[in-house]
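Next up, protein.cif (mmCIF, C-alpha atoms):
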data_query
loop_
_atom_site.label_atom_id
_atom_site.label_comp_id
_atom_site.auth_asym_id
_atom_site.auth_seq_id
_atom_site.Cartn_x
_atom_site.Cartn_y
_atom_site.Cartn_z
CA MET A 1 129.99 65.15 59.33
CA ASP A 2 131.64 61.76 58.87
CA GLU A 3 129.88 58.64 57.67
CA ALA A 4 131.12 55.09 57.29
CA GLY A 5 128.40 54.13 54.79
CA ARG A 6 127.78 50.92 52.95
CA ARG A 7 129.44 49.77 49.75
CA ASP A 8 127.89 48.03 46.80
CA ALA A 9 129.00 44.70 45.43
CA ARG A 10 131.07 46.25 42.66
CA GLY A 11 134.75 46.09 43.48
CA PRO A 12 137.02 49.11 43.52
CA ALA A 13 139.13 50.15 40.57
CA ARG A 14 142.53 48.55 40.19
CA VAL A 15 144.95 50.94 41.83
CA PRO A 16 148.40 51.17 40.28
CA SER A 17 151.35 51.80 42.55
CA ALA A 18 152.11 55.34 43.68
CA LEU A 19 155.29 55.19 41.61
CA GLN A 20 153.26 54.38 38.47
CA LEU A 21 150.75 57.18 39.10
CA VAL A 22 153.46 59.75 39.70
CA ALA A 23 155.38 58.64 36.61
CA ALA A 24 152.23 58.82 34.46
CA ALA A 25 151.52 62.39 35.53
CA ARG A 26 155.07 63.60 35.08
CA ARG A 27 155.58 61.86 31.75
CA SER A 28 152.21 62.64 30.16
CA LEU A 29 151.86 66.21 31.36
CA GLY A 30 155.33 67.18 30.23
CA SER A 31 156.80 68.04 33.62
CA GLY A 32 159.20 65.19 34.21
CA ARG A 33 161.59 65.45 31.31
CA ARG A 34 164.49 66.35 33.59
CA ARG A 35 165.35 64.39 36.68
CA GLY A 36 164.12 66.07 39.84
CA HIS A 37 161.59 68.22 38.01
CA GLY A 38 157.82 67.79 37.86
CA PRO A 39 154.75 67.99 40.08
CA PRO A 40 155.24 66.89 43.67
CA ARG A 41 154.31 63.32 44.46
CA ALA A 42 151.28 64.40 46.51
CA ALA A 43 149.98 66.56 43.65
CA CYS A 44 150.29 63.65 41.19
CA LEU A 45 148.37 61.31 43.50
CA HIS A 46 145.73 63.96 44.21
CA LEU A 47 145.15 64.48 40.49
CA ALA A 48 144.71 60.74 39.93
CA GLY A 49 142.25 60.58 42.82
CA GLU A 50 140.27 63.52 41.48
CA VAL A 51 140.07 61.96 38.02
CA LEU A 52 138.80 58.72 39.52
CA ALA A 53 136.23 60.66 41.56
CA VAL A 54 134.90 62.22 38.34
CA ALA A 55 134.80 58.79 36.69
CA ARG A 56 132.86 57.45 39.67
CA GLY A 57 130.30 60.29 39.42
CA LEU A 58 131.18 62.00 42.71
CA LYS A 59 131.39 65.29 40.84
CA PRO A 60 130.65 66.19 37.22
CA ALA A 61 134.08 67.60 36.36
CA LEU A 62 137.40 68.89 37.59
CA LEU A 63 139.17 72.06 36.50
CA TYR A 64 142.74 71.25 35.52
CA ASP A 65 145.44 73.81 36.24
CA ARG A 66 147.30 73.08 33.04
CA GLY A 67 150.69 74.55 33.85
CA GLY A 68 152.60 73.82 30.66
CA ALA A 69 150.28 71.05 29.49
CA GLY A 70 147.55 71.37 26.90
CA GLU A 71 144.57 69.36 25.73
CA ALA A 72 146.64 66.71 23.96
CA GLU A 73 148.87 66.17 26.99
CA LEU A 74 145.88 65.89 29.30
CA ARG A 75 144.24 63.34 27.00
CA GLY A 76 147.49 61.41 27.00
CA TYR A 77 147.49 61.41 30.79
CA LEU A 78 143.94 60.03 30.97
CA GLU A 79 144.83 57.35 28.42
CA ALA A 80 147.87 56.46 30.55
CA LEU A 81 145.59 56.02 33.58
CA ARG A 82 143.37 53.72 31.50
CA GLY A 83 146.42 51.75 30.45
CA LEU A 84 147.32 51.29 34.11
CA GLY A 85 143.85 49.89 34.78
CA LEU A 86 142.64 52.77 36.96
CA LEU A 87 139.83 53.96 34.67
CA THR A 88 137.11 52.09 32.82
CA GLN A 89 134.48 54.81 32.34
CA ARG A 90 134.55 57.23 29.45
CA LEU A 91 136.00 60.67 30.18
CA HIS A 92 136.14 63.86 28.13
CA VAL A 93 138.51 66.83 28.02
CA LEU A 94 136.63 70.08 27.43
CA ASP A 95 138.72 73.03 26.27
CA LEU A 96 137.17 76.35 27.24
CA GLY A 97 139.57 78.94 25.91
CA ASP A 98 142.44 79.03 28.39
CA HIS A 99 140.84 76.45 30.67
CA LEU A 100 140.68 72.66 30.59
CA LEU A 101 138.11 70.50 32.34
CA VAL A 102 137.99 66.72 32.70
CA LEU A 103 134.40 65.60 32.84
CA SER A 104 132.15 62.59 32.71
CA PRO A 105 129.80 63.39 29.80
CA GLU A 106 126.92 61.41 31.29
CA ARG A 107 127.27 62.80 34.82
CA ALA A 108 127.78 66.36 33.57
CA TRP A 109 124.65 66.11 31.41
CA GLN A 110 122.65 64.80 34.37
CA HIS A 111 123.82 67.76 36.42
CA LEU A 112 122.88 70.25 33.72
CA GLU A 113 119.39 68.75 33.69
CA LEU A 114 119.26 69.36 37.44
CA VAL A 115 120.33 72.97 36.88
CA LEU A 116 117.66 73.53 34.22
CA GLY A 117 115.09 72.05 36.60
CA GLY A 118 115.93 74.56 39.32
CA GLY A 119 117.98 72.17 41.45
CA VAL A 120 120.76 74.68 42.12
CA ALA A 121 120.55 78.24 43.43
CA PHE A 122 122.43 80.98 41.61
CA VAL A 123 123.90 83.73 43.77
CA ASP A 124 124.22 87.13 42.12
CA VAL A 125 127.32 88.86 43.49
CA SER A 126 127.37 91.88 41.17
CA GLY A 127 129.24 94.71 42.84
CA GLU A 128 126.58 97.29 41.98
CA GLN A 129 124.29 95.82 44.66
CA PRO A 130 124.83 96.14 48.43
CA HIS A 131 124.74 92.42 49.20
CA PRO A 132 124.46 89.04 47.43
CA THR A 133 121.02 88.01 46.19
CA LEU A 134 119.47 84.84 44.81
CA CYS A 135 118.48 84.69 41.16
CA SER A 136 116.95 82.07 38.88
CA LEU A 137 117.34 81.05 35.26
CA ASP A 138 113.96 82.68 34.58
CA GLN A 139 115.45 85.98 35.72
CA ARG A 140 118.69 85.45 33.78
CA PRO A 141 117.99 84.32 30.20
CA ASP A 142 121.70 84.65 29.45
CA LEU A 143 122.45 81.93 32.01
CA ARG A 144 119.68 79.71 30.69
CA ALA A 145 121.07 80.05 27.15
CA LEU A 146 124.56 79.22 28.45
CA VAL A 147 123.38 76.06 30.22
CA ALA A 148 121.33 75.02 27.16
CA GLU A 149 124.28 75.45 24.79
CA VAL A 150 126.68 73.46 26.96
CA GLY A 151 123.97 70.84 27.49
CA ALA A 152 123.45 70.47 23.74
CA HIS A 153 127.20 70.00 23.31
CA LEU A 154 127.31 67.27 25.94
CA ARG A 155 124.24 65.58 24.49
CA GLU A 156 126.02 65.31 21.13
CA LEU A 157 128.96 63.68 22.87
CA GLN A 158 126.72 61.03 24.39
CA GLY A 159 125.21 60.18 21.04
CA SER A 160 128.50 59.85 19.21
CA ALA A 161 130.72 56.79 18.95
CA SER A 162 133.63 58.54 20.66
CA PRO A 163 136.75 56.91 22.06
CA ALA A 164 137.12 56.18 25.76
CA VAL A 165 139.02 59.45 26.14
CA SER A 166 137.66 62.20 23.89
CA SER A 167 138.02 65.96 23.66
CA SER A 168 136.29 69.00 22.22
CA ARG A 169 136.43 72.76 22.34
CA LEU A 170 133.82 75.40 23.13
CA GLN A 171 134.41 79.09 22.51
CA PRO A 172 133.35 81.02 25.62
CA ALA A 173 132.61 84.32 23.79
CA ASP A 174 130.72 86.48 26.32
CA TRP A 175 129.85 83.62 28.64
CA SER A 176 129.96 83.99 32.39
CA LEU A 177 132.79 81.56 33.08
CA CYS A 178 132.38 82.09 36.83
CA ALA A 179 128.87 80.62 36.66
CA LEU A 180 129.82 77.97 34.11
CA PHE A 181 132.67 76.61 36.22
CA GLY A 182 130.43 76.58 39.29
CA ILE A 183 127.84 74.59 37.35
CA LEU A 184 130.21 72.05 35.80
CA LEU A 185 132.11 71.49 39.04
CA GLY A 186 128.86 70.57 40.75
CA TYR A 187 128.47 73.45 43.18
CA PRO A 188 124.90 73.75 44.54
CA THR A 189 125.18 77.56 44.72
CA PRO A 190 127.17 78.90 41.74
CA TYR A 191 128.14 82.56 41.77
CA THR A 192 127.20 84.80 38.89
CA PHE A 193 127.26 88.49 38.09
CA ARG A 194 125.82 90.79 35.47
CA GLN A 195 127.87 91.14 32.32
CA GLY A 196 129.70 94.42 31.89
CA ARG A 197 130.10 95.01 35.62
CA THR A 198 132.38 97.87 36.59
CA GLU A 199 132.52 97.26 40.34
CA PRO A 200 134.14 94.39 42.26
CA SER A 201 131.84 91.73 43.62
CA CYS A 202 129.82 92.44 46.75
CA LEU A 203 131.51 89.53 48.56
CA GLU A 204 134.42 91.58 49.87
CA LEU A 205 134.35 91.59 53.70
CA ALA A 206 131.05 89.68 53.65
CA PRO A 207 130.92 86.61 55.93
CA LEU A 208 131.10 83.48 53.75
CA ARG A 209 130.45 79.93 54.86
CA VAL A 210 132.96 77.71 53.10
CA PHE A 211 131.94 74.07 52.65
CA SER A 212 134.77 71.56 52.16
CA VAL A 213 134.41 67.95 51.02
CA ARG A 214 137.16 65.43 51.74
CA LEU A 215 137.57 61.76 50.88
CA SER A 216 139.92 58.92 51.69
CA TRP A 217 141.26 56.87 48.77
CA ARG A 218 142.25 53.91 50.88
CA PRO A 219 143.89 51.64 48.28
CA ALA A 220 146.26 54.49 47.43
CA GLY A 221 146.67 55.54 51.08
CA LEU A 222 145.56 59.08 50.26
CA ALA A 223 143.17 61.52 51.90
CA PHE A 224 142.41 64.58 49.81
CA PRO A 225 139.92 67.44 49.31
CA LEU A 226 137.32 66.67 46.65
CA TYR A 227 136.21 70.30 46.29
CA SER A 228 134.99 73.32 48.21
CA PHE A 229 132.59 76.18 47.62
CA SER A 230 131.27 79.12 49.59
CA VAL A 231 127.84 80.51 50.40
CA PRO A 232 127.17 84.03 51.71
CA GLU A 233 126.22 83.60 55.35
CA CYS A 234 123.31 86.02 54.95
CA LEU A 235 121.70 83.65 52.40
CA LEU A 236 122.26 80.43 54.33
CA PRO A 237 118.70 80.17 55.76
CA ALA A 238 117.19 80.53 52.28
CA LEU A 239 119.52 77.88 50.87
CA GLY A 240 118.82 75.12 53.38
CA SER A 241 116.74 73.01 50.99
CA VAL A 242 119.23 73.25 48.11
CA LEU A 243 122.19 72.42 50.35
CA GLY A 244 120.32 69.53 51.93
CA SER A 245 119.51 68.02 48.53
CA TRP A 246 123.12 68.45 47.42
CA GLU A 247 124.44 66.63 50.48
CA ARG A 248 121.95 63.76 50.18
CA GLU A 249 122.81 63.20 46.52
CA LEU A 250 126.55 63.34 47.20
CA ARG A 251 126.27 60.79 50.01
CA ALA A 252 124.12 58.51 47.84
CA ARG A 253 126.69 58.59 45.05
CA TRP A 254 129.48 57.98 47.55
CA ARG A 255 127.71 54.92 48.97
CA ALA A 256 127.26 53.53 45.44
CA GLN A 257 131.00 53.17 44.82
CA SER A 258 133.83 51.23 46.41
CA ASP A 259 136.97 53.28 45.82
CA PHE A 260 136.58 56.09 48.35
CA ALA A 261 135.83 56.05 52.06
CA ASP A 262 135.54 58.49 54.96
CA LEU A 263 133.41 61.13 53.28
CA SER A 264 133.63 64.31 55.34
CA ILE A 265 131.72 67.57 54.81
CA SER A 266 132.75 70.48 57.01
CA SER A 267 132.20 74.23 56.98
CA GLU A 268 133.69 77.37 58.47
CA VAL A 269 132.93 81.07 58.24
CA VAL A 270 135.55 83.36 56.70
CA THR A 271 135.67 87.04 55.85
CA LEU A 272 138.02 88.09 53.06
CA PRO A 273 139.09 91.53 51.81
CA VAL A 274 139.21 90.22 48.22
CA VAL A 275 137.26 87.32 46.68
CA ALA A 276 138.45 86.04 43.30
CA LEU A 277 135.71 84.93 40.88
#
Would you mind giving the structure from this file in structure tokens?
Amino acid sequence: MDEAGRRDARGPARVPSALQLVAAARRSLGSGRRRGHGPPRAACLHLAGEVLAVARGLKPALLYDRGGAGEAELRGYLEALRGLGLLTQRLHVLDLGDHLLVLSPERAWQHLELVLGGGVAFVDVSGEQPHPTLCSLDQRPDLRALVAEVGAHLRELQGSASPAVSSSRLQPADWSLCALFGILLGYPTPYTFRQGRTEPSCLELAPLRVFSVRLSWRPAGLAFPLYSFSVPECLLPALGSVLGSWERELRARWRAQSDFADLSISSEVVTLPVVAL
């Protein structure tokens, strides 16, 4: 599903040269200390595009595969992008144990409000059941408490006089990180499972419809995947309304910015022997 769309009057972000973006990633994230070493050029440009997409509100957050970089290095990278003129909006680095997320505090808080209002559909994939089922926050008080705690943390960030690039840490404890990542990354159908499960998920060998979102970052000459998520095919009819609302909101946010073009949403059905959560 491709759409040309309209653009608002606000101009696109200033796009540094590809050489500058690659150098910023390799220098700030600690991978380019030796000549010939560091992330590939395409990976550096993709990361810059993803960060800009978060800043533009196209998704609440991105999960950073840190490699050898930590929170301080990631903050330094975001500050380098600001110095190059790519970013103007405030961004935040959230440290969740061994995981780092770059998020827009305002957009992430808006999405958590949507979650608390029932705007996403949780899919229970606990292995003790024969097939995936839908569940709500009313049925899972542990999930509601998780969303409320993260929401309170983000609300504090909005009310504080923080720098343009800030950071904080949350201790996951017994949280369902699978559900939390699905929520913060903006998936309309996050997976969850009961704590203390002893069986693998019930997604193994189950037909899954995988939705993929791609964008074109024309000033940088880059087309890249924004994100993807899957939905059990057996639940697709029951999820039509949620998926429709997700697509409409995404397209509205895409039309309200000027940096990205050629929004494409596609899907395919896959069956996998093992599904990582």
Using only C-alpha atoms: which of A:Asp65, A:Glu204, A:Glu73, A:Glu156 has the shortest distance to A:Val125 |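 Selected residue with least distance to A:Val125: A:Glu204.
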Which is closest to A:Arg251 among A:Leu58, A:Val93, A:Glu268, A:Cys135, if we use only C-alpha atoms?
->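 Of all the options, A:Leu58 lies closest to A:Arg251.
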Neighbour list for A:Arg82 as a ChimeraX atom specification, cut-off 12 Å, only C-alpha atoms, skip fewer than 4 positions in-chain = /A:13-16,21,24,48,51-52,55,75-78,86-91,163-165
Excluding same-chain residues fewer than 6 positions from A:Glu233, what lies within 8 Å of it counting all atoms listed in the file, as number ranges by chain?
-> A: 206-209, 269
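Restricting the calculation to all atoms listed in the file, the smallest distance between A:Ala69 and any of A:Phe211, A:Gly119, A:Leu100, A:Cys44 is found for A:Leu100.
Atom pair atom CA of A:Ser167 / atom CA of A:Ala256: separated by 27.3 Å.
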Spatial neighbours of A:Leu146, 12 Å, all atoms listed in the file, chain gap at least 4 places, as a VMD selection string = chain A and resid 112 115 to 116 137 140 to 142 150 to 153 170 to 181 183 to 184
Where atoms are missing, can you supply N, CA and C atoms for stretch 173-191 of chain A and output the lot as a PDB file, keeping the file's coordinate frame?
ATOM      1  N   ALA A 173     133.211  83.045  24.239  1.00  0.00           N
ATOM      2  CA  ALA A 173     132.610  84.320  23.790  1.00  0.00           C
ATOM      3  C   ALA A 173     132.329  85.193  24.999  1.00  0.00           C
ATOM      4  N   ASP A 174     131.068  85.598  25.197  1.00  0.00           N
ATOM      5  CA  ASP A 174     130.720  86.480  26.320  1.00  0.00           C
ATOM      6  C   ASP A 174     130.120  85.701  27.484  1.00  0.00           C
ATOM      7  N   TRP A 175     130.422  84.422  27.582  1.00  0.00           N
ATOM      8  CA  TRP A 175     129.850  83.620  28.640  1.00  0.00           C
ATOM      9  C   TRP A 175     130.350  84.062  30.014  1.00  0.00           C
ATOM     10  N   SER A 176     129.543  83.788  31.014  1.00  0.00           N
ATOM     11  CA  SER A 176     129.960  83.990  32.390  1.00  0.00           C
ATOM     12  C   SER A 176     130.692  82.743  32.854  1.00  0.00           C
ATOM     13  N   LEU A 177     132.022  82.745  32.727  1.00  0.00           N
ATOM     14  CA  LEU A 177     132.790  81.560  33.080  1.00  0.00           C
ATOM     15  C   LEU A 177     132.710  81.268  34.574  1.00  0.00           C
ATOM     16  N   CYS A 178     132.547  82.294  35.387  1.00  0.00           N
ATOM     17  CA  CYS A 178     132.380  82.090  36.830  1.00  0.00           C
ATOM     18  C   CYS A 178     131.197  81.168  37.090  1.00  0.00           C
ATOM     19  N   ALA A 179     130.053  81.462  36.479  1.00  0.00           N
ATOM     20  CA  ALA A 179     128.870  80.620  36.660  1.00  0.00           C
ATOM     21  C   ALA A 179     129.049  79.261  36.007  1.00  0.00           C
ATOM     22  N   LEU A 180     129.657  79.231  34.824  1.00  0.00           N
ATOM     23  CA  LEU A 180     129.820  77.970  34.110  1.00  0.00           C
ATOM     24  C   LEU A 180     130.702  77.003  34.890  1.00  0.00           C
ATOM     25  N   PHE A 181     131.810  77.486  35.437  1.00  0.00           N
ATOM     26  CA  PHE A 181     132.670  76.610  36.220  1.00  0.00           C
ATOM     27  C   PHE A 181     131.936  76.115  37.467  1.00  0.00           C
ATOM     28  N   GLY A 182     131.189  76.999  38.126  1.00  0.00           N
ATOM     29  CA  GLY A 182     130.430  76.580  39.290  1.00  0.00           C
ATOM     30  C   GLY A 182     129.428  75.487  38.960  1.00  0.00           C
ATOM     31  N   ILE A 183     128.812  75.606  37.788  1.00  0.00           N
ATOM     32  CA  ILE A 183     127.840  74.590  37.350  1.00  0.00           C
ATOM     33  C   ILE A 183     128.537  73.270  37.072  1.00  0.00           C
ATOM     34  N   LEU A 184     129.577  73.289  36.228  1.00  0.00           N
ATOM     35  CA  LEU A 184     130.210  72.050  35.800  1.00  0.00           C
ATOM     36  C   LEU A 184     130.959  71.357  36.942  1.00  0.00           C
ATOM     37  N   LEU A 185     131.422  72.105  37.918  1.00  0.00           N
ATOM     38  CA  LEU A 185     132.110  71.490  39.040  1.00  0.00           C
ATOM     39  C   LEU A 185     131.143  70.932  40.076  1.00  0.00           C
ATOM     40  N   GLY A 186     129.859  71.175  39.878  1.00  0.00           N
ATOM     41  CA  GLY A 186     128.860  70.570  40.750  1.00  0.00           C
ATOM     42  C   GLY A 186     128.508  71.349  41.981  1.00  0.00           C
ATOM     43  N   TYR A 187     128.808  72.652  42.009  1.00  0.00           N
ATOM     44  CA  TYR A 187     128.470  73.450  43.180  1.00  0.00           C
ATOM     45  C   TYR A 187     126.950  73.643  43.251  1.00  0.00           C
ATOM     46  N   PRO A 188     126.356  73.540  44.428  1.00  0.00           N
ATOM     47  CA  PRO A 188     124.900  73.750  44.540  1.00  0.00           C
ATOM     48  C   PRO A 188     124.509  75.217  44.492  1.00  0.00           C
ATOM     49  N   THR A 189     125.483  76.130  44.685  1.00  0.00           N
ATOM     50  CA  THR A 189     125.180  77.560  44.720  1.00  0.00           C
ATOM     51  C   THR A 189     126.207  78.336  43.889  1.00  0.00           C
ATOM     52  N   PRO A 190     126.183  78.203  42.562  1.00  0.00           N
ATOM     53  CA  PRO A 190     127.170  78.900  41.740  1.00  0.00           C
ATOM     54  C   PRO A 190     127.017  80.418  41.835  1.00  0.00           C
ATOM     55  N   TYR A 191     128.150  81.102  41.812  1.00  0.00           N
ATOM     56  CA  TYR A 191     128.140  82.560  41.770  1.00  0.00           C
ATOM     57  C   TYR A 191     127.973  83.037  40.335  1.00  0.00           C
TER      58      TYR A 191
END
